[in-house]
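File shown: input_28.txt (compact mmCIF, C-alpha atoms and all ligand atoms).
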```txt
# COMPACT_ATOMS: atom_id res chain seq x y z
CA MET I 1 -136.74 61.25 -8.75
CA GLN I 2 -138.87 61.79 -11.86
CA ILE I 3 -137.77 59.24 -14.48
CA PRO I 4 -138.89 60.07 -18.05
CA GLY I 5 -141.55 57.69 -19.43
CA GLU I 6 -139.40 56.85 -22.45
CA LYS I 7 -136.58 55.72 -20.16
CA LEU I 8 -138.95 53.51 -18.15
CA ILE I 9 -140.39 51.91 -21.28
CA ASP I 10 -136.88 51.31 -22.53
CA MET I 11 -136.05 49.59 -19.24
CA TYR I 12 -139.12 47.37 -19.60
CA ARG I 13 -138.01 46.47 -23.13
CA THR I 14 -134.52 45.59 -21.87
CA MET I 15 -135.81 43.34 -19.09
CA VAL I 16 -138.10 41.48 -21.49
CA ARG I 17 -135.24 41.16 -24.00
CA ILE I 18 -132.98 39.59 -21.35
CA ARG I 19 -135.72 37.23 -20.10
CA LEU I 20 -136.74 36.00 -23.56
CA PHE I 21 -133.13 35.66 -24.71
CA GLU I 22 -132.29 33.57 -21.66
CA GLN I 23 -135.42 31.41 -21.87
CA ARG I 24 -134.60 30.63 -25.47
CA VAL I 25 -130.98 29.84 -24.62
CA SER I 26 -132.21 27.42 -21.95
CA LYS I 27 -134.40 25.67 -24.52
CA GLU I 28 -131.71 25.53 -27.19
CA PHE I 29 -129.16 24.26 -24.66
CA ALA I 30 -131.52 21.46 -23.59
CA ALA I 31 -131.97 20.58 -27.26
CA GLY I 32 -128.21 20.17 -27.62
CA ASN I 33 -127.74 23.16 -29.93
CA ILE I 34 -125.36 25.07 -27.66
CA PRO I 35 -121.95 23.61 -26.77
CA GLY I 36 -120.10 24.25 -23.51
CA PHE I 37 -121.48 25.78 -20.33
CA VAL I 38 -124.15 28.45 -20.00
CA HIS I 39 -125.04 30.33 -16.81
CA LEU I 40 -128.39 32.09 -17.05
CA TYR I 41 -129.47 35.39 -15.54
CA ILE I 42 -133.23 34.75 -15.32
CA GLY I 43 -134.66 36.41 -12.19
CA GLU I 44 -131.90 39.02 -11.96
CA GLU I 45 -132.94 41.19 -14.93
CA ALA I 46 -133.79 44.31 -12.91
CA SER I 47 -130.25 44.66 -11.67
CA ALA I 48 -128.39 44.94 -15.01
CA THR I 49 -131.27 46.92 -16.50
CA GLY I 50 -131.55 49.49 -13.73
CA ALA I 51 -127.77 49.86 -13.50
CA CYS I 52 -126.99 50.22 -17.22
CA ALA I 53 -129.92 52.61 -17.79
CA ASN I 54 -127.60 55.24 -16.26
CA LEU I 55 -124.83 54.80 -18.80
CA ARG I 56 -123.76 56.72 -21.87
CA SER I 57 -122.43 54.95 -24.94
CA ASP I 58 -118.87 55.98 -23.98
CA ASP I 59 -119.15 54.38 -20.54
CA TYR I 60 -117.92 50.85 -19.88
CA ILE I 61 -119.00 47.65 -18.19
CA THR I 62 -117.14 44.57 -17.08
CA SER I 63 -119.17 41.41 -16.72
CA THR I 64 -119.06 37.87 -15.38
CA HIS I 65 -119.68 34.24 -16.37
CA ARG I 66 -123.42 35.09 -15.98
CA GLY I 67 -123.10 37.95 -18.41
CA HIS I 68 -125.86 37.86 -21.04
CA GLY I 69 -128.06 40.26 -19.08
CA HIS I 70 -125.25 42.78 -18.57
CA LEU I 71 -124.28 42.69 -22.23
CA ILE I 72 -127.86 43.12 -23.45
CA ALA I 73 -128.46 45.98 -21.01
CA LYS I 74 -125.37 47.79 -22.38
CA GLY I 75 -126.68 47.39 -25.93
CA GLY I 76 -125.16 44.06 -27.02
CA ARG I 77 -126.84 42.58 -30.12
CA THR I 78 -128.95 39.50 -29.46
CA ASP I 79 -128.31 38.03 -32.91
CA ARG I 80 -124.52 38.14 -32.62
CA MET I 81 -124.73 36.86 -29.03
CA MET I 82 -126.96 33.97 -30.05
CA ALA I 83 -124.63 33.13 -32.96
CA GLU I 84 -121.69 33.12 -30.54
CA LEU I 85 -123.49 30.70 -28.23
CA PHE I 86 -124.22 28.45 -31.20
CA GLY I 87 -120.50 28.56 -32.11
CA ARG I 88 -121.07 30.33 -35.43
CA ARG I 89 -118.77 32.56 -37.42
CA THR I 90 -121.12 35.57 -37.17
CA GLY I 91 -120.89 35.52 -33.39
CA TYR I 92 -119.12 38.16 -31.34
CA CYS I 93 -115.94 36.05 -31.15
CA ASN I 94 -116.34 34.36 -34.54
CA GLY I 95 -117.97 31.47 -32.71
CA LYS I 96 -114.80 30.50 -30.87
CA GLY I 97 -115.38 32.06 -27.46
CA GLY I 98 -118.92 31.24 -26.39
CA SER I 99 -120.95 32.70 -23.58
CA MET I 100 -118.11 33.65 -21.25
CA HIS I 101 -115.99 35.57 -23.77
CA ILE I 102 -118.49 37.88 -25.42
CA ALA I 103 -117.22 41.44 -25.70
CA ASP I 104 -118.01 44.48 -27.84
CA THR I 105 -115.46 47.18 -27.18
CA ALA I 106 -117.25 49.60 -29.55
CA LEU I 107 -120.18 49.50 -27.10
CA GLY I 108 -117.93 49.74 -24.04
CA ILE I 109 -118.56 46.07 -23.19
CA LEU I 110 -115.15 44.95 -21.90
CA GLY I 111 -116.16 41.34 -21.78
CA ALA I 112 -117.93 38.58 -19.97
CA ASN I 113 -115.37 36.61 -17.95
CA GLY I 114 -114.97 32.98 -16.99
CA ILE I 115 -112.64 33.93 -14.15
CA VAL I 116 -114.67 34.74 -11.05
CA GLY I 117 -113.77 38.32 -10.08
CA GLY I 118 -111.83 38.70 -13.34
CA GLY I 119 -113.58 41.95 -14.22
CA ILE I 120 -112.68 43.75 -11.01
CA THR I 121 -109.16 44.83 -11.87
CA ILE I 122 -110.04 45.28 -15.56
CA ALA I 123 -112.64 47.84 -14.42
CA GLY I 124 -109.98 49.75 -12.49
CA GLY I 125 -107.70 49.73 -15.52
CA ALA I 126 -110.45 51.00 -17.82
CA ALA I 127 -111.33 53.74 -15.35
CA LEU I 128 -107.69 54.83 -15.04
CA SER I 129 -107.34 54.80 -18.82
CA ALA I 130 -110.46 56.98 -19.23
CA ARG I 131 -109.08 59.49 -16.78
CA MET I 132 -105.64 59.58 -18.41
CA ARG I 133 -107.35 60.27 -21.74
CA GLY I 134 -109.22 63.20 -20.17
CA LYS I 135 -112.64 61.53 -20.47
CA ASP I 136 -115.38 61.54 -17.85
CA SER I 137 -116.50 58.00 -18.69
CA VAL I 138 -117.39 55.65 -15.84
CA VAL I 139 -117.14 51.88 -15.47
CA LEU I 140 -119.80 49.61 -14.01
CA CYS I 141 -118.16 46.48 -12.66
CA PHE I 142 -120.65 43.63 -12.19
CA LEU I 143 -119.67 40.85 -9.80
CA GLY I 144 -121.34 38.16 -7.73
CA ASP I 145 -121.59 37.66 -3.99
CA GLY I 146 -119.03 34.86 -4.29
CA ALA I 147 -116.62 37.08 -6.23
CA SER I 148 -116.69 39.63 -3.43
CA ASN I 149 -114.86 37.05 -1.29
CA ARG I 150 -111.88 37.01 -3.64
CA GLY I 151 -108.55 38.72 -3.08
CA THR I 152 -108.85 40.60 -6.36
CA PHE I 153 -111.89 42.34 -4.90
CA HIS I 154 -109.84 43.70 -1.99
CA GLU I 155 -106.96 44.76 -4.23
CA GLY I 156 -109.11 46.21 -6.98
CA VAL I 157 -111.50 48.15 -4.77
CA ASN I 158 -108.72 49.39 -2.51
CA MET I 159 -106.74 50.78 -5.44
CA ALA I 160 -109.84 52.37 -7.00
CA SER I 161 -110.57 53.98 -3.65
CA VAL I 162 -107.07 55.35 -3.15
CA TRP I 163 -106.95 56.73 -6.70
CA ASP I 164 -110.60 57.94 -6.75
CA LEU I 165 -111.23 55.91 -9.90
CA PRO I 166 -114.63 56.26 -11.60
CA VAL I 167 -115.88 52.72 -10.94
CA VAL I 168 -119.21 51.55 -9.55
CA TYR I 169 -118.99 48.00 -8.19
CA ILE I 170 -122.32 46.23 -8.46
CA ILE I 171 -122.46 43.16 -6.26
CA GLU I 172 -125.30 41.01 -7.51
CA ASN I 173 -126.03 39.05 -4.38
CA ASN I 174 -128.11 36.11 -5.57
CA MET I 175 -127.25 34.30 -2.31
CA TYR I 176 -125.23 31.50 -3.90
CA ALA I 177 -121.79 30.93 -5.35
CA GLU I 178 -122.25 27.72 -7.32
CA LYS I 179 -123.92 25.55 -4.64
CA THR I 180 -122.59 27.38 -1.60
CA ARG I 181 -124.74 29.86 0.30
CA ILE I 182 -123.07 33.22 0.87
CA ALA I 183 -124.18 32.96 4.51
CA ASP I 184 -121.68 30.08 4.87
CA THR I 185 -118.75 32.06 3.50
CA ALA I 186 -119.31 35.62 4.79
CA ARG I 187 -120.47 36.98 8.15
CA LEU I 188 -121.97 40.14 6.68
CA THR I 189 -125.70 40.61 6.14
CA ASN I 190 -124.97 43.31 3.57
CA LEU I 191 -121.91 42.65 1.45
CA ALA I 192 -121.82 46.33 0.49
CA ASP I 193 -120.66 46.99 4.08
CA ARG I 194 -117.24 45.92 2.84
CA ALA I 195 -116.98 49.48 1.48
CA THR I 196 -116.20 50.67 5.02
CA ALA I 197 -112.86 48.89 4.79
CA TYR I 198 -111.94 51.01 1.76
CA GLY I 199 -113.41 54.29 2.97
CA ILE I 200 -115.93 54.57 0.16
CA PRO I 201 -119.74 54.92 0.12
CA ASP I 202 -122.06 51.96 -0.27
CA VAL I 203 -125.73 51.24 -0.67
CA THR I 204 -127.80 48.05 -0.58
CA VAL I 205 -130.97 47.86 -2.66
CA ASP I 206 -133.68 45.44 -3.71
CA GLY I 207 -132.06 44.10 -6.86
CA ASN I 208 -135.44 43.01 -8.21
CA ASP I 209 -136.67 46.61 -8.26
CA ALA I 210 -135.32 48.20 -11.45
CA ILE I 211 -136.18 51.71 -10.30
CA ALA I 212 -134.42 51.32 -6.94
CA VAL I 213 -131.34 50.01 -8.76
CA TYR I 214 -131.52 52.81 -11.34
CA GLU I 215 -131.63 55.48 -8.65
CA ALA I 216 -128.89 54.01 -6.44
CA VAL I 217 -126.52 53.40 -9.35
CA GLY I 218 -127.43 56.81 -10.79
CA GLU I 219 -126.11 58.56 -7.69
CA ALA I 220 -122.96 56.44 -7.72
CA VAL I 221 -122.38 57.12 -11.43
CA ALA I 222 -122.80 60.87 -10.90
CA ARG I 223 -120.28 60.78 -8.06
CA ALA I 224 -117.78 58.78 -10.14
CA ARG I 225 -118.19 61.09 -13.13
CA LYS I 226 -117.46 64.14 -10.98
CA GLY I 227 -114.18 62.57 -9.89
CA ASP I 228 -115.34 61.65 -6.38
CA GLY I 229 -114.37 57.99 -6.68
CA PRO I 230 -115.96 54.56 -6.46
CA THR I 231 -119.06 53.22 -4.71
CA ILE I 232 -120.25 49.71 -3.93
CA VAL I 233 -123.90 49.00 -4.74
CA GLU I 234 -125.28 45.67 -3.58
CA CYS I 235 -128.36 44.34 -5.39
CA LYS I 236 -130.15 41.60 -3.49
CA THR I 237 -131.62 39.20 -5.99
CA TYR I 238 -132.00 35.51 -6.88
CA ARG I 239 -131.20 33.30 -9.82
CA TRP I 240 -134.11 31.12 -10.84
CA HIS I 241 -132.13 28.55 -12.80
CA GLY I 242 -129.23 26.43 -11.68
CA HIS I 243 -125.69 27.71 -11.40
CA TYR I 244 -125.32 26.31 -14.91
CA GLU I 245 -127.93 24.76 -17.16
CA GLY I 246 -128.33 21.15 -16.06
CA ASP I 247 -127.68 21.88 -12.36
CA ARG I 248 -130.49 20.15 -10.44
CA GLN I 249 -130.42 22.73 -7.61
CA SER I 250 -130.99 20.22 -4.81
CA TYR I 251 -129.22 22.66 -2.46
CA LYS I 252 -131.99 25.28 -2.70
CA PRO I 253 -134.99 25.11 -0.34
CA LYS I 254 -138.20 24.83 -2.37
CA GLU I 255 -140.00 27.56 -0.40
CA GLU I 256 -137.11 29.96 -0.94
CA ALA I 257 -137.18 29.45 -4.70
CA GLU I 258 -140.97 29.82 -4.79
CA GLU I 259 -140.88 33.00 -2.73
CA TRP I 260 -138.40 34.62 -5.13
CA ARG I 261 -140.40 33.54 -8.16
CA ARG I 262 -143.34 35.43 -6.69
CA ARG I 263 -141.03 38.45 -6.65
CA ASP I 264 -140.48 38.27 -10.41
CA PRO I 265 -139.07 41.70 -11.33
CA ILE I 266 -140.75 41.97 -14.72
CA PRO I 267 -144.51 41.76 -13.98
CA ALA I 268 -143.95 43.99 -10.94
CA PHE I 269 -142.28 46.66 -13.08
CA ARG I 270 -144.92 46.35 -15.80
CA LYS I 271 -147.70 46.79 -13.23
CA LYS I 272 -145.99 49.88 -11.82
CA LEU I 273 -145.75 51.45 -15.26
CA ILE I 274 -149.36 50.68 -16.12
CA GLU I 275 -150.60 52.09 -12.80
CA ALA I 276 -148.55 55.25 -13.36
CA GLY I 277 -150.06 55.63 -16.85
CA THR I 278 -146.61 55.32 -18.48
CA PHE I 279 -147.97 52.78 -20.90
CA ALA I 280 -151.07 50.61 -21.32
CA ASP I 281 -151.33 46.84 -21.13
CA ALA I 282 -151.62 46.73 -24.93
CA ASP I 283 -148.33 48.66 -25.30
CA ALA I 284 -146.56 46.18 -23.05
CA GLU I 285 -148.02 43.29 -25.06
CA LYS I 286 -146.77 44.91 -28.25
CA ILE I 287 -143.25 45.19 -26.83
CA ASP I 288 -143.38 41.54 -25.74
CA ARG I 289 -144.35 40.46 -29.28
CA GLU I 290 -141.60 42.62 -30.84
CA ILE I 291 -138.95 41.08 -28.60
CA GLU I 292 -140.28 37.55 -29.20
CA ASN I 293 -139.81 38.22 -32.88
CA GLU I 294 -136.32 39.65 -32.34
CA ILE I 295 -135.22 36.52 -30.45
CA GLU I 296 -136.75 34.27 -33.12
CA GLN I 297 -134.74 36.19 -35.73
CA ALA I 298 -131.60 35.89 -33.58
CA VAL I 299 -131.93 32.09 -33.54
CA LYS I 300 -132.60 32.04 -37.27
CA PHE I 301 -129.49 34.20 -37.82
CA ALA I 302 -127.44 31.79 -35.71
CA LEU I 303 -128.76 28.68 -37.42
CA GLU I 304 -128.17 30.09 -40.89
CA SER I 305 -124.62 31.19 -40.09
CA PRO I 306 -121.65 28.95 -40.93
CA SER I 307 -119.38 27.41 -38.32
CA PRO I 308 -115.74 28.58 -38.27
CA SER I 309 -113.72 26.82 -40.95
CA PRO I 310 -110.66 24.63 -40.20
CA GLU I 311 -108.48 27.37 -41.78
CA GLN I 312 -109.66 29.73 -39.02
CA THR I 313 -108.35 27.52 -36.24
CA LEU I 314 -105.29 29.67 -35.67
CA THR I 315 -106.77 33.09 -36.42
CA ASP I 316 -107.81 35.24 -33.45
CA VAL I 317 -105.18 33.44 -31.37
CA PHE I 318 -102.57 35.58 -29.67
CA ALA I 319 -99.22 34.53 -28.34
C1 LIG X 401 -111.08 32.22 -10.10
C2 LIG X 401 -112.19 31.22 -10.18
N1 LIG X 401 -112.48 30.42 -9.14
C3 LIG X 401 -113.49 29.53 -9.23
C4 LIG X 401 -114.23 29.40 -10.38
C5 LIG X 401 -115.38 28.41 -10.45
N2 LIG X 401 -116.66 29.16 -10.34
C6 LIG X 401 -117.36 29.52 -11.43
S1 LIG X 401 -118.72 30.44 -11.04
C7 LIG X 401 -118.39 30.31 -9.39
C8 LIG X 401 -119.30 30.95 -8.38
C9 LIG X 401 -119.46 32.41 -8.55
O1 LIG X 401 -120.41 32.90 -7.64
P1 LIG X 401 -120.86 34.38 -7.66
O2 LIG X 401 -119.68 35.28 -7.74
O3 LIG X 401 -121.78 34.59 -6.53
O4 LIG X 401 -121.63 34.54 -9.05
P2 LIG X 401 -123.02 33.85 -9.52
O5 LIG X 401 -122.65 32.56 -10.19
O6 LIG X 401 -123.86 33.64 -8.34
O7 LIG X 401 -123.61 34.82 -10.48
C10 LIG X 401 -117.22 29.59 -9.16
C11 LIG X 401 -116.67 29.32 -7.84
C12 LIG X 401 -113.88 30.25 -11.47
N3 LIG X 401 -114.57 30.21 -12.62
N4 LIG X 401 -112.90 31.15 -11.35
MG MG X 402 -123.87 34.49 -6.48
```

Would you give me this structure, written as structure tokens?
Amino acid sequence: MQIPGEKLIDMYRTMVRIRLFEQRVSKEFAAGNIPGFVHLYIGEEASATGACANLRSDDYITSTHRGHGHLIAKGGRTDRMMAELFGRRTGYCNGKGGSMHIADTALGILGANGIVGGGITIAGGAALSARMRGKDSVVLCFLGDGASNRGTFHEGVNMASVWDLPVVYIIENNMYAEKTRIADTARLTNLADRATAYGIPDVTVDGNDAIAVYEAVGEAVARARKGDGPTIVECKTYRWHGHYEGDRQSYKPKEEAEEWRRRDPIPAFRKKLIEAGTFADADAEKIDREIENEIEQAVKFALESPSPSPEQTLTDVFA
């Protein structure tokens, strides 16, 4: 498949934006500037980037507790996300939701989610709604290897299959659910094989290869848009940081972690683009500097924003 140069450069920009956002969040969390829990996506950038590069603005995503990468790849603003993490009024949820509640329905971002597997049935609902409104929008449903063990996965995927709903399930298999290896909780080598049970297509790809993810998800999106129903795409990848910031990761073999760090998706993608003549080293450097500046501005925006006032305690609360 011939991917336009502009698209590839945009994908590079997205991966760098996710990486630098997450690295800064890690630093600010360690400094005590971010309350609550944060789960970082560093190492998995190629998966959200390659997947979302197939979407139109009127398509949707559902996300997870490890959602910053998905939200950025769908166009989420880094300044409002950073402000949300800092608990500030300019954040996506007025500073009251934090990392796991960020949503931007205008961008088709139907929310990060603190409930493991929580996005699976929301994705089916959004897909059904799109169809009932006569739209050909599709929904990318991101979930983890651990989430694919949940009952909601069976119910959600089965219903989407039976009703030919336009959903693409993206299992980001980073090999761990909290501190438990997926090999200890599932017999399958490829989790995407679960598709057989629902009579739908599946594909397993190197989740650290943005182009492989782009192409696999692209085919699944095209199928969904035509009305041919859902697909499961499994992206094999690895999270570099702990399950949450502060997790010491004693359960991960050192060699395994080192091996995956050598398979860093970003330099590999950059090298590919330079070798193909898509851009030069200097262009990549320029993008890096622009994003560094963007993230710096996002932190400044967060720091200069007020916290929610006591009068706002009961606003945005539904009963
Ligand atoms: C319904 C539910 N059960 C358990 C938890 C606690 N929990 C939070 S993240 C997590 C592991 C999720 O693993 P996976 O789906 O592989 O996603 P990853 O963290 O690897 O991205 C668990 C068990 C939860 N938040 N929600
Ligand atoms: Mg996992």

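The shortest atom-to-atom distance to ligand MG 402 (chain X), with all atoms listed in the file taken into account, belongs to I:Phe142 out of I:Phe86, I:Phe142, I:Phe29, I:Tyr198.
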
Using only C-alpha atoms and all ligand atoms, which residues of chain I come within 7 Å of ligand LIG 401 (chain X), and what is the closest atom pair for each, with the distance in Å to one decimal? Give it as CSV, sorted by chain and residue number.
```
residue,atom,partner,partner_atom,distance
I:His65,CA,X:LIG401,S1,6.6
I:Arg66,CA,X:LIG401,O7,5.5
I:Gly114,CA,X:LIG401,N3,5.2
I:Ile115,CA,X:LIG401,N4,4.0
I:Val116,CA,X:LIG401,N4,4.0
I:Gly117,CA,X:LIG401,C1,6.7
I:Leu143,CA,X:LIG401,O2,5.9
I:Gly144,CA,X:LIG401,O2,3.3
I:Asp145,CA,X:LIG401,O3,4.0
I:Gly146,CA,X:LIG401,O2,3.5
I:Ala147,CA,X:LIG401,O2,3.9
I:Ser148,CA,X:LIG401,O2,6.8
I:Asn173,CA,X:LIG401,O3,6.5
I:Asn174,CA,X:LIG401,O6,5.6
I:Met175,CA,X:LIG401,O3,6.9
I:Tyr176,CA,X:LIG401,O6,5.1
I:Ala177,CA,X:LIG401,O1,3.3
I:Glu178,CA,X:LIG401,C8,4.5
I:His243,CA,X:LIG401,O5,5.9
```

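We find CA of Ile34 (chain I) and CA of Cys52 (chain I) to be spaced 27.3 Å apart.
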
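Each of I:Asp79, I:Ala282, I:Leu55, I:Thr14 was compared to Lys300 (chain I) using all atoms listed in the file, and I:Asp79 turns out to be the nearest.
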
(Q) Could you tell me how far CA of Pro306 (chain I) sits from CA of His70 (chain I), in Å to one decimal place? (A) 26.5 Å

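Proximity ranking of I:Arg187, I:Lys74, I:His39, I:Arg17 relative to Glu245 (chain I) places I:His39 first, based on all atoms listed in the file.
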
Q: List the neighbours of Pro201 (chain I) out to 9 Å using only C-alpha atoms; skip same-chain residues closer than 5 positions along the sequence, and give me the result as a ChimeraX atom specification.
A: /I:192-193,195-196,220,230-233

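Minimum atom-to-atom distances from I:Phe153, I:Phe37, I:Tyr12, I:Tyr238 to ligand MG 402 (chain X) were compared using all atoms listed in the file, and the lowest value belongs to I:Tyr238.
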
Q: Pick out the closest residue to Glu6 (chain I) from this set: I:Ala53, I:Leu188, I:His241, I:Ala130. Count only C-alpha atoms.
A: I:Ala53

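Among I:Leu191, I:Ala284, I:Ala30, I:Ile274, the residue with the shortest atom-to-atom distance to ligand MG 402 (chain X), counting only C-alpha atoms and all ligand atoms, is I:Leu191.
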
Q. Hey, can you check how far CA of Ile3 (chain I) sits from CA of Thr204 (chain I)?
A. 20.4 Å

Q. If we count all atoms listed in the file, what is near Arg263 (chain I) at a cut-off of 9 Å, once residues fewer than 5 positions away on the same chain are taken out, given as a ChimeraX atom specification?
A. /I:43,208,258,268

Q. If you count all atoms listed in the file, which residues fall within 12 Å of Ile211 (chain I), apart from same-chain ones fewer than 6 positions away, as a PyMOL selection string?
A. chain I and resi 1-4+7-9+11-12+45-54+205+217-218+235+265-266+268-270+272-273

(Q) With all atoms listed in the file as the counted atoms, please give the residues lying no more than 8 Å from Gly156 (chain I), apart from itself and same-chain residues fewer than 6 positions off, as a PyMOL selection string. (A) chain I and resi 120-121+124

If you keep C-alpha atoms, can you produce a file of those selected residues as a short mmCIF file (atom, residue, chain, number, x, y, z; two decimals), keeping the file's coordinate frame?
```
data_model
loop_
_atom_site.label_atom_id
_atom_site.label_comp_id
_atom_site.auth_asym_id
_atom_site.auth_seq_id
_atom_site.Cartn_x
_atom_site.Cartn_y
_atom_site.Cartn_z
CA ILE I 120 -112.68 43.75 -11.01
CA THR I 121 -109.16 44.83 -11.87
CA GLY I 124 -109.98 49.75 -12.49
#
```

Repair of region 225-239 of chain I at the level of N, CA, C and O atoms, as a tab-separated table (two decimals), in the coordinates of the input:
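Writing done, so here's selection.tsv:
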```tsv
chain	number	residue	atom	x	y	z
I	225	ARG	N	-118.44	60.20	-11.99
I	225	ARG	CA	-118.19	61.09	-13.13
I	225	ARG	C	-117.59	62.43	-12.69
I	225	ARG	O	-116.80	63.04	-13.39
I	226	LYS	N	-117.98	62.86	-11.51
I	226	LYS	CA	-117.46	64.14	-10.98
I	226	LYS	C	-116.02	64.01	-10.49
I	226	LYS	O	-115.39	65.00	-10.13
I	227	GLY	N	-115.55	62.77	-10.37
I	227	GLY	CA	-114.18	62.57	-9.89
I	227	GLY	C	-114.13	62.24	-8.41
I	227	GLY	O	-113.06	62.29	-7.78
I	228	ASP	N	-115.30	61.92	-7.82
I	228	ASP	CA	-115.34	61.65	-6.38
I	228	ASP	C	-115.14	60.18	-6.02
I	228	ASP	O	-115.34	59.80	-4.87
I	229	GLY	N	-114.79	59.36	-6.99
I	229	GLY	CA	-114.37	57.99	-6.68
I	229	GLY	C	-115.46	56.94	-6.70
I	229	GLY	O	-116.61	57.20	-7.05
I	230	PRO	N	-115.08	55.72	-6.30
I	230	PRO	CA	-115.96	54.56	-6.46
I	230	PRO	C	-117.01	54.40	-5.35
I	230	PRO	O	-116.89	55.01	-4.28
I	231	THR	N	-117.99	53.57	-5.64
I	231	THR	CA	-119.06	53.22	-4.71
I	231	THR	C	-119.32	51.72	-4.87
I	231	THR	O	-119.11	51.19	-5.96
I	232	ILE	N	-119.77	51.10	-3.81
I	232	ILE	CA	-120.25	49.71	-3.93
I	232	ILE	C	-121.77	49.73	-3.80
I	232	ILE	O	-122.32	50.28	-2.85
I	233	VAL	N	-122.44	49.15	-4.79
I	233	VAL	CA	-123.90	49.00	-4.74
I	233	VAL	C	-124.19	47.51	-4.69
I	233	VAL	O	-123.74	46.76	-5.56
I	234	GLU	N	-124.91	47.09	-3.67
I	234	GLU	CA	-125.28	45.67	-3.58
I	234	GLU	C	-126.74	45.52	-3.99
I	234	GLU	O	-127.62	46.21	-3.46
I	235	CYS	N	-126.99	44.62	-4.94
I	235	CYS	CA	-128.36	44.34	-5.39
I	235	CYS	C	-128.74	42.96	-4.88
I	235	CYS	O	-128.15	41.97	-5.30
I	236	LYS	N	-129.72	42.90	-3.99
I	236	LYS	CA	-130.15	41.60	-3.49
I	236	LYS	C	-131.15	40.99	-4.46
I	236	LYS	O	-132.18	41.59	-4.78
I	237	THR	N	-130.80	39.81	-4.95
I	237	THR	CA	-131.62	39.20	-5.99
I	237	THR	C	-131.51	37.68	-5.90
I	237	THR	O	-131.04	37.15	-4.88
I	238	TYR	N	-131.95	36.98	-6.93
I	238	TYR	CA	-132.00	35.51	-6.88
I	238	TYR	C	-131.97	34.97	-8.30
I	238	TYR	O	-132.66	35.49	-9.18
I	239	ARG	N	-131.16	33.91	-8.50
I	239	ARG	CA	-131.20	33.30	-9.82
I	239	ARG	C	-132.20	32.14	-9.79
I	239	ARG	O	-132.18	31.33	-8.88
```
